[in-house]
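Asker: Pasting coords.cif here (mmCIF, C-alpha atoms):
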data_upload
#
loop_
_atom_site.label_atom_id
_atom_site.label_comp_id
_atom_site.auth_asym_id
_atom_site.auth_seq_id
_atom_site.Cartn_x
_atom_site.Cartn_y
_atom_site.Cartn_z
CA MET A 1 5.89 0.36 -23.24
CA ILE A 2 7.26 -1.14 -20.05
CA ARG A 3 10.22 0.78 -18.64
CA VAL A 4 13.06 -1.27 -17.19
CA LYS A 5 15.42 -0.12 -14.44
CA ILE A 6 18.58 -2.16 -13.91
CA CYS A 7 19.67 -1.71 -10.32
CA CYS A 8 22.86 -2.23 -8.28
CA ILE A 9 25.02 -0.77 -11.07
CA ALA A 10 28.64 -1.02 -9.94
CA ASN A 11 30.65 0.80 -12.61
CA GLU A 12 30.48 2.66 -15.91
CA GLN A 13 30.67 -0.53 -17.99
CA GLU A 14 27.66 -2.04 -16.22
CA ALA A 15 25.74 1.17 -16.83
CA ALA A 16 26.64 1.10 -20.52
CA ASP A 17 25.69 -2.59 -20.84
CA ALA A 18 22.31 -2.04 -19.16
CA ILE A 19 21.51 0.89 -21.43
CA SER A 20 22.63 -0.95 -24.56
CA PHE A 21 20.07 -3.70 -23.91
CA GLY A 22 17.25 -1.20 -23.44
CA ALA A 23 17.26 0.02 -19.82
CA SER A 24 15.49 3.34 -19.40
CA ALA A 25 16.92 3.77 -15.89
CA ILE A 26 19.81 2.58 -13.76
CA GLY A 27 19.96 2.25 -9.99
CA LEU A 28 22.99 3.38 -8.00
CA VAL A 29 22.95 2.08 -4.43
CA GLY A 30 24.24 4.23 -1.61
CA GLU A 31 25.10 3.05 1.89
CA MET A 32 22.61 0.42 3.12
CA PRO A 33 22.20 -1.64 6.30
CA SER A 34 22.12 -4.83 4.19
CA GLY A 35 21.73 -6.09 0.64
CA PRO A 36 23.75 -6.07 -2.58
CA GLY A 37 25.35 -3.34 -4.60
CA PRO A 38 26.30 -0.39 -2.37
CA ILE A 39 29.02 1.84 -3.81
CA SER A 40 30.56 5.09 -2.63
CA ASP A 41 28.98 8.45 -3.27
CA VAL A 42 32.00 9.39 -5.39
CA GLU A 43 31.44 6.33 -7.60
CA ILE A 44 27.72 7.13 -7.90
CA TYR A 45 28.55 10.67 -8.97
CA HIS A 46 31.03 9.57 -11.63
CA ILE A 47 28.77 6.86 -13.07
CA ALA A 48 25.78 9.21 -13.20
CA GLN A 49 27.79 11.74 -15.22
CA THR A 50 28.42 9.15 -17.96
CA VAL A 51 24.73 8.36 -18.51
CA PRO A 52 23.14 10.20 -21.45
CA PRO A 53 19.67 11.71 -21.35
CA PRO A 54 16.90 10.66 -21.28
CA ILE A 55 18.12 7.71 -19.16
CA ALA A 56 17.15 8.11 -15.50
CA THR A 57 19.82 7.79 -12.83
CA PHE A 58 18.34 6.68 -9.51
CA LEU A 59 20.17 7.35 -6.25
CA LEU A 60 19.03 4.70 -3.75
CA THR A 61 19.26 6.37 -0.36
CA SER A 62 18.51 4.90 3.06
CA GLN A 63 18.45 8.33 4.69
CA GLN A 64 15.18 8.92 6.55
CA THR A 65 15.06 12.69 6.88
CA ALA A 66 14.66 15.35 4.22
CA GLN A 67 17.94 17.02 5.15
CA GLY A 68 19.81 13.71 5.07
CA ILE A 69 18.41 12.90 1.64
CA ILE A 70 19.18 16.38 0.30
CA ALA A 71 22.79 16.13 1.49
CA HIS A 72 23.14 12.64 -0.01
CA HIS A 73 21.77 13.81 -3.34
CA HIS A 74 24.06 16.84 -3.46
CA ARG A 75 27.04 14.48 -3.21
CA THR A 76 25.84 12.31 -6.11
CA ASN A 77 23.93 14.57 -8.53
CA THR A 78 21.57 11.97 -9.99
CA ASN A 79 18.34 13.00 -11.73
CA THR A 80 16.12 10.79 -9.55
CA ILE A 81 16.03 9.97 -5.84
CA GLN A 82 14.73 6.59 -4.70
CA ILE A 83 13.85 6.66 -0.99
CA VAL A 84 14.12 3.06 0.18
CA ASP A 85 12.96 3.53 3.78
CA GLU A 86 10.26 5.55 5.48
CA LEU A 87 10.71 9.32 5.33
CA THR A 88 10.07 9.83 9.02
CA ASP A 89 9.36 13.57 8.87
CA ARG A 90 7.24 13.24 5.66
CA ALA A 91 8.94 16.43 4.48
CA TYR A 92 8.88 15.62 0.78
CA HIS A 93 8.27 19.31 0.08
CA GLU A 94 11.69 20.17 1.53
CA ILE A 95 13.40 17.79 -0.88
CA ARG A 96 11.45 19.26 -3.79
CA GLU A 97 12.36 22.80 -2.79
CA ALA A 98 16.05 21.88 -2.60
CA SER A 99 16.04 19.87 -5.87
CA PRO A 100 13.04 21.04 -7.92
CA TYR A 101 14.05 19.25 -11.14
CA VAL A 102 14.77 15.88 -9.52
CA LYS A 103 12.15 13.12 -9.56
CA LEU A 104 11.16 11.47 -6.26
CA VAL A 105 10.38 7.76 -6.04
CA GLN A 106 9.24 6.20 -2.77
CA VAL A 107 9.75 2.50 -2.12
CA ILE A 108 6.86 0.63 -0.52
CA HIS A 109 7.82 -2.77 0.85
CA VAL A 110 4.78 -4.92 0.15
CA ILE A 111 4.18 -6.84 3.36
CA GLY A 112 0.38 -6.92 3.68
CA GLU A 113 -2.86 -4.98 3.30
CA GLN A 114 -1.32 -2.01 5.09
CA SER A 115 1.04 -1.56 2.15
CA VAL A 116 -1.89 -0.66 -0.13
CA ASP A 117 -2.97 2.12 2.23
CA GLU A 118 0.62 3.30 2.67
CA ALA A 119 1.10 3.59 -1.10
CA THR A 120 -2.09 5.61 -1.47
CA GLU A 121 -1.03 7.99 1.31
CA ILE A 122 2.50 8.53 -0.02
CA ALA A 123 1.68 8.71 -3.73
CA GLU A 124 0.43 12.30 -3.61
CA HIS A 125 3.89 13.46 -2.46
CA VAL A 126 6.09 11.71 -5.05
CA ASP A 127 6.44 11.16 -8.79
CA ALA A 128 6.33 7.37 -8.66
CA ILE A 129 6.02 4.40 -6.32
CA LEU A 130 8.37 1.41 -6.38
CA LEU A 131 7.12 -1.85 -4.89
CA ASP A 132 9.74 -4.13 -3.36
CA SER A 133 10.03 -7.14 -1.06
CA GLY A 134 12.14 -5.84 1.81
CA ASN A 135 11.32 -5.69 5.50
CA PRO A 136 12.29 -2.44 7.28
CA SER A 137 11.04 -3.76 10.64
CA LEU A 138 13.84 -6.32 11.05
CA GLU A 139 16.69 -5.62 13.46
CA ILE A 140 18.98 -5.37 10.43
CA LYS A 141 16.70 -3.75 7.89
CA GLU A 142 16.10 -5.27 4.47
CA LEU A 143 15.57 -2.36 2.09
CA GLY A 144 15.86 -4.09 -1.28
CA GLY A 145 17.85 -6.55 -3.31
CA THR A 146 16.33 -9.56 -1.56
CA GLY A 147 15.55 -11.51 -4.73
CA ARG A 148 12.19 -12.42 -3.17
CA ARG A 149 8.81 -12.15 -4.79
CA HIS A 150 5.95 -10.59 -2.82
CA ASP A 151 2.17 -10.86 -3.25
CA TRP A 152 1.56 -9.48 -6.73
CA SER A 153 -2.17 -9.26 -6.15
CA LEU A 154 -1.45 -6.50 -3.62
CA SER A 155 0.85 -4.84 -6.13
CA ARG A 156 -1.91 -4.88 -8.74
CA ARG A 157 -4.26 -3.15 -6.29
CA ILE A 158 -1.65 -0.47 -5.67
CA VAL A 159 -1.26 0.07 -9.42
CA GLU A 160 -5.03 0.46 -9.71
CA THR A 161 -5.50 2.80 -6.76
CA CYS A 162 -2.43 4.97 -6.07
CA GLY A 163 -2.74 7.24 -9.10
CA LYS A 164 1.00 7.39 -9.88
CA PRO A 165 3.39 5.33 -12.03
CA VAL A 166 4.41 2.13 -10.25
CA PHE A 167 7.64 0.16 -10.66
CA LEU A 168 7.63 -3.51 -9.65
CA ALA A 169 10.71 -5.07 -8.02
CA GLY A 170 11.45 -8.22 -6.06
CA GLY A 171 12.29 -11.67 -7.39
CA LEU A 172 11.98 -10.80 -11.08
CA ASN A 173 13.79 -12.87 -13.70
CA SER A 174 13.45 -13.89 -17.34
CA ASP A 175 11.18 -16.83 -16.44
CA ASN A 176 8.52 -14.84 -14.57
CA VAL A 177 8.70 -11.39 -16.14
CA ARG A 178 5.74 -11.93 -18.52
CA GLU A 179 3.61 -13.18 -15.62
CA ALA A 180 4.65 -10.11 -13.62
CA ILE A 181 3.66 -7.74 -16.41
CA GLU A 182 0.34 -9.44 -17.06
CA THR A 183 -0.56 -9.79 -13.36
CA VAL A 184 0.51 -6.39 -12.04
CA GLN A 185 0.50 -4.22 -15.19
CA PRO A 186 3.14 -1.87 -13.78
CA PHE A 187 4.59 1.24 -15.39
CA GLY A 188 8.07 -0.24 -15.02
CA LEU A 189 10.17 -3.13 -13.76
CA ASP A 190 13.20 -2.99 -11.46
CA ILE A 191 15.71 -5.84 -11.33
CA CYS A 192 19.05 -6.48 -9.63
CA SER A 193 19.91 -10.08 -8.67
CA GLY A 194 17.89 -11.59 -11.53
CA VAL A 195 20.42 -10.33 -14.10
CA ARG A 196 23.57 -11.05 -12.10
CA THR A 197 25.95 -13.98 -11.68
CA ASP A 198 28.28 -14.01 -8.67
CA GLY A 199 27.34 -10.39 -8.07
CA GLU A 200 28.33 -9.16 -11.53
CA LEU A 201 26.01 -8.02 -14.29
CA ASP A 202 25.53 -10.93 -16.69
CA VAL A 203 24.87 -9.81 -20.27
CA ASN A 204 23.36 -13.20 -21.16
CA LYS A 205 20.80 -12.84 -18.36
CA LEU A 206 20.21 -9.24 -19.42
CA GLU A 207 19.44 -10.35 -22.96
CA LYS A 208 17.07 -13.10 -21.77
CA PHE A 209 15.30 -10.68 -19.44
CA PHE A 210 14.72 -8.07 -22.12
CA ASN A 211 13.60 -10.76 -24.52
CA GLY A 212 11.05 -11.78 -21.90
CA VAL A 213 9.88 -8.21 -21.43
CA ASN A 214 9.48 -7.64 -25.17
CA ARG A 215 7.98 -11.04 -26.02
#
Is it possible to give me this structure as structure tokens?

Answerer:
Amino acid sequence: MIRVKICCIANEQEAADAISFGASAIGLVGEMPSGPGPISDVEIYHIAQTVPPPIATFLLTSQQTAQGIIAHHHRTNTNTIQIVDELTDRAYHEIREASPYVKLVQVIHVIGEQSVDEATEIAEHVDAILLDSGNPSLEIKELGGTGRRHDWSLSRRIVETCGKPVFLAGGLNSDNVREAIETVQPFGLDICSGVRTDGELDVNKLEKFFNGVNR
């Protein structure tokens, strides 16, 4: 069964709508240099407390050190941490020691062949990999929510070689979701802009997307 994470959740109603259509995870976006959906840590905390188990609540953090991520997570109390940029000190063990029951998901921005090697290197330190279409090397970093599709053949190679569950993000919508599943064969899908209209969660697009996933 393909898991679906609905990202950029803005309030409790959006969280409830996503779950009612079949989401197994929601994404709560912290402070970012660019992109859609950031909300305050207080809002993330309150939304996360309304989500029933076993739904996963992902904190999207742009912090790049273990201590910064630990502090961010303590303010929000989600059950999963999604690291959207490079962890510069590679101190994943420090995060695990501070939050032993929290799942760690590292985002790999699929840019080229080097992304396959990066995923393999990082996978041993985390619980899952999430493949997205950002570009952290830009002057103003893109760390997600671009609505762009990347090279799914590279994503398929990562699925086959990294040894951990892989979520696919970037440019997904109801029209291409079956192709994405068949091409990449990911553990899960992650979508933000593809189920939104004028920035707000669109229940009609949600329904079409889940229909596409389950078709």

Asker: How many Å separate CA of Val213 in chain A from CA of Ile81 in chain A?

Answerer: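 The value is 24.7 Å.
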
Asker: Quick one: which range 136-178 of chain A residues come within 9 Å of range 27-32 of chain A, and what is the nearest atom pair for each with the distance in Å to one decimal, counting all atoms listed in the file, rows ordered by chain and ascending number, as a Markdown table?

Answerer:
| residue | atom | partner | partner_atom | distance |
| --- | --- | --- | --- | --- |
| A:Lys141 | CA | A:Met32 | CA | 8.7 |
| A:Glu142 | CA | A:Met32 | CA | 8.8 |
| A:Leu143 | CA | A:Met32 | CA | 7.6 |

Asker: Which residues, named as in the file, does the PyMOL selection byres ((chain A and resi 11) around 12) pick out? Answer as a PyMOL selection string.

Answerer: chain A and resi 7-10+12-18+26-29+37-40+42-51+200-201

Asker: Give me, please, the distance in Å between CA of Lys164 in chain A and CA of Thr57 in chain A, quoted to one decimal.

Answerer: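 Answer for the CA of Lys164 in chain A to CA of Thr57 in chain A separation: 19.1 Å.
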
Asker: If you measure from CA of Asp117 in chain A to CA of Gln67 in chain A, what distance in Å do you get, rounded to one decimal?

Answerer: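 Taking CA of Asp117 in chain A as the start and CA of Gln67 in chain A as the end point, the length is 25.8 Å.
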
Asker: Applying 10 Å and all atoms listed in the file, which residues near range 168-177 of chain A remain after dropping the ones on its own chain fewer than 2 positions away? List them as number ranges by chain.

Answerer: A: 4-5, 7, 107, 109-110, 129-134, 144-150, 152, 155-156, 159, 166, 179-195, 205-215

Asker: Which residues match the PyMOL selection byres ((chain A and resi 106) around 10) in the file above, as a PyMOL selection string?

Answerer: chain A and resi 60+81-87+104-105+107-109+119+122-123+125-131+166

Asker: Compare A:Gly163, A:Pro136, A:Pro100, A:Gly199 by their minimum atom-to-atom distance to Glu121 in chain A, counting all atoms listed in the file, and give me the closest one.

Answerer: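 Between A:Gly163, A:Pro136, A:Pro100, A:Gly199, the residue approaching Glu121 in chain A most closely is A:Gly163.
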
Asker: Check the smallest atom-to-atom distance from each of A:Thr80, A:Pro53, A:Asp198, A:Phe167 to Arg3 in chain A using only C-alpha atoms, then report the winner.

Answerer: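 Comparing A:Thr80, A:Pro53, A:Asp198, A:Phe167 against Arg3 in chain A, the winner is A:Phe167.
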
Asker: Looking at only C-alpha atoms, which of A:Arg178, A:Asn135, A:Thr197, A:Glu113 is the one that sits closest to Ser153 in chain A?

Answerer: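 Of all the options, A:Glu113 lies closest to Ser153 in chain A.
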
Asker: Just so the selection is clear, what residues does the PyMOL selection byres ((chain A and resi 94-96) around 10) cover here, as a list in words?

Answerer: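 This file, filtered by the PyMOL selection byres ((chain A and resi 94-96) around 10), leaves Thr65, Ala66, Gln67, Gly68, Ile69, Ile70, Ala71, His73, Ile81, Arg90, Ala91, Tyr92, His93, Glu97, Ala98, Ser99, Pro100, Tyr101, Val102, Lys103, Leu104, His125 and Val126 of chain A.
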
Asker: Within 8 Å of (-4.5, -0.3, 0.2) (coordinates as in the file), grab all the protein and nucleic acid residues, counting all atoms listed in the file, and write them out as an NGL selection string.

Answerer: :A and (113-120 or 154 or 157-158 or 161)

Asker: Generate a file of the selected residues that holds C-alpha atoms, formatted as a PDB file, in the frame of the given file.

Answerer:
ATOM      1  CA  GLU A 113      -2.860  -4.980   3.300  1.00  0.00           C
ATOM      2  CA  GLN A 114      -1.320  -2.010   5.090  1.00  0.00           C
ATOM      3  CA  SER A 115       1.040  -1.560   2.150  1.00  0.00           C
ATOM      4  CA  VAL A 116      -1.890  -0.660  -0.130  1.00  0.00           C
ATOM      5  CA  ASP A 117      -2.970   2.120   2.230  1.00  0.00           C
ATOM      6  CA  GLU A 118       0.620   3.300   2.670  1.00  0.00           C
ATOM      7  CA  ALA A 119       1.100   3.590  -1.100  1.00  0.00           C
ATOM      8  CA  THR A 120      -2.090   5.610  -1.470  1.00  0.00           C
ATOM      9  CA  LEU A 154      -1.450  -6.500  -3.620  1.00  0.00           C
ATOM     10  CA  ARG A 157      -4.260  -3.150  -6.290  1.00  0.00           C
ATOM     11  CA  ILE A 158      -1.650  -0.470  -5.670  1.00  0.00           C
ATOM     12  CA  THR A 161      -5.500   2.800  -6.760  1.00  0.00           C
TER      13      THR A 161
END

Asker: Hey, which of A:Gly22, A:Ser62, A:Glu139, A:Ser34 ends up closest to Met1 in chain A? Count all atoms listed in the file.

Answerer: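 Nearest candidate to Met1 in chain A out of A:Gly22, A:Ser62, A:Glu139, A:Ser34: A:Gly22.
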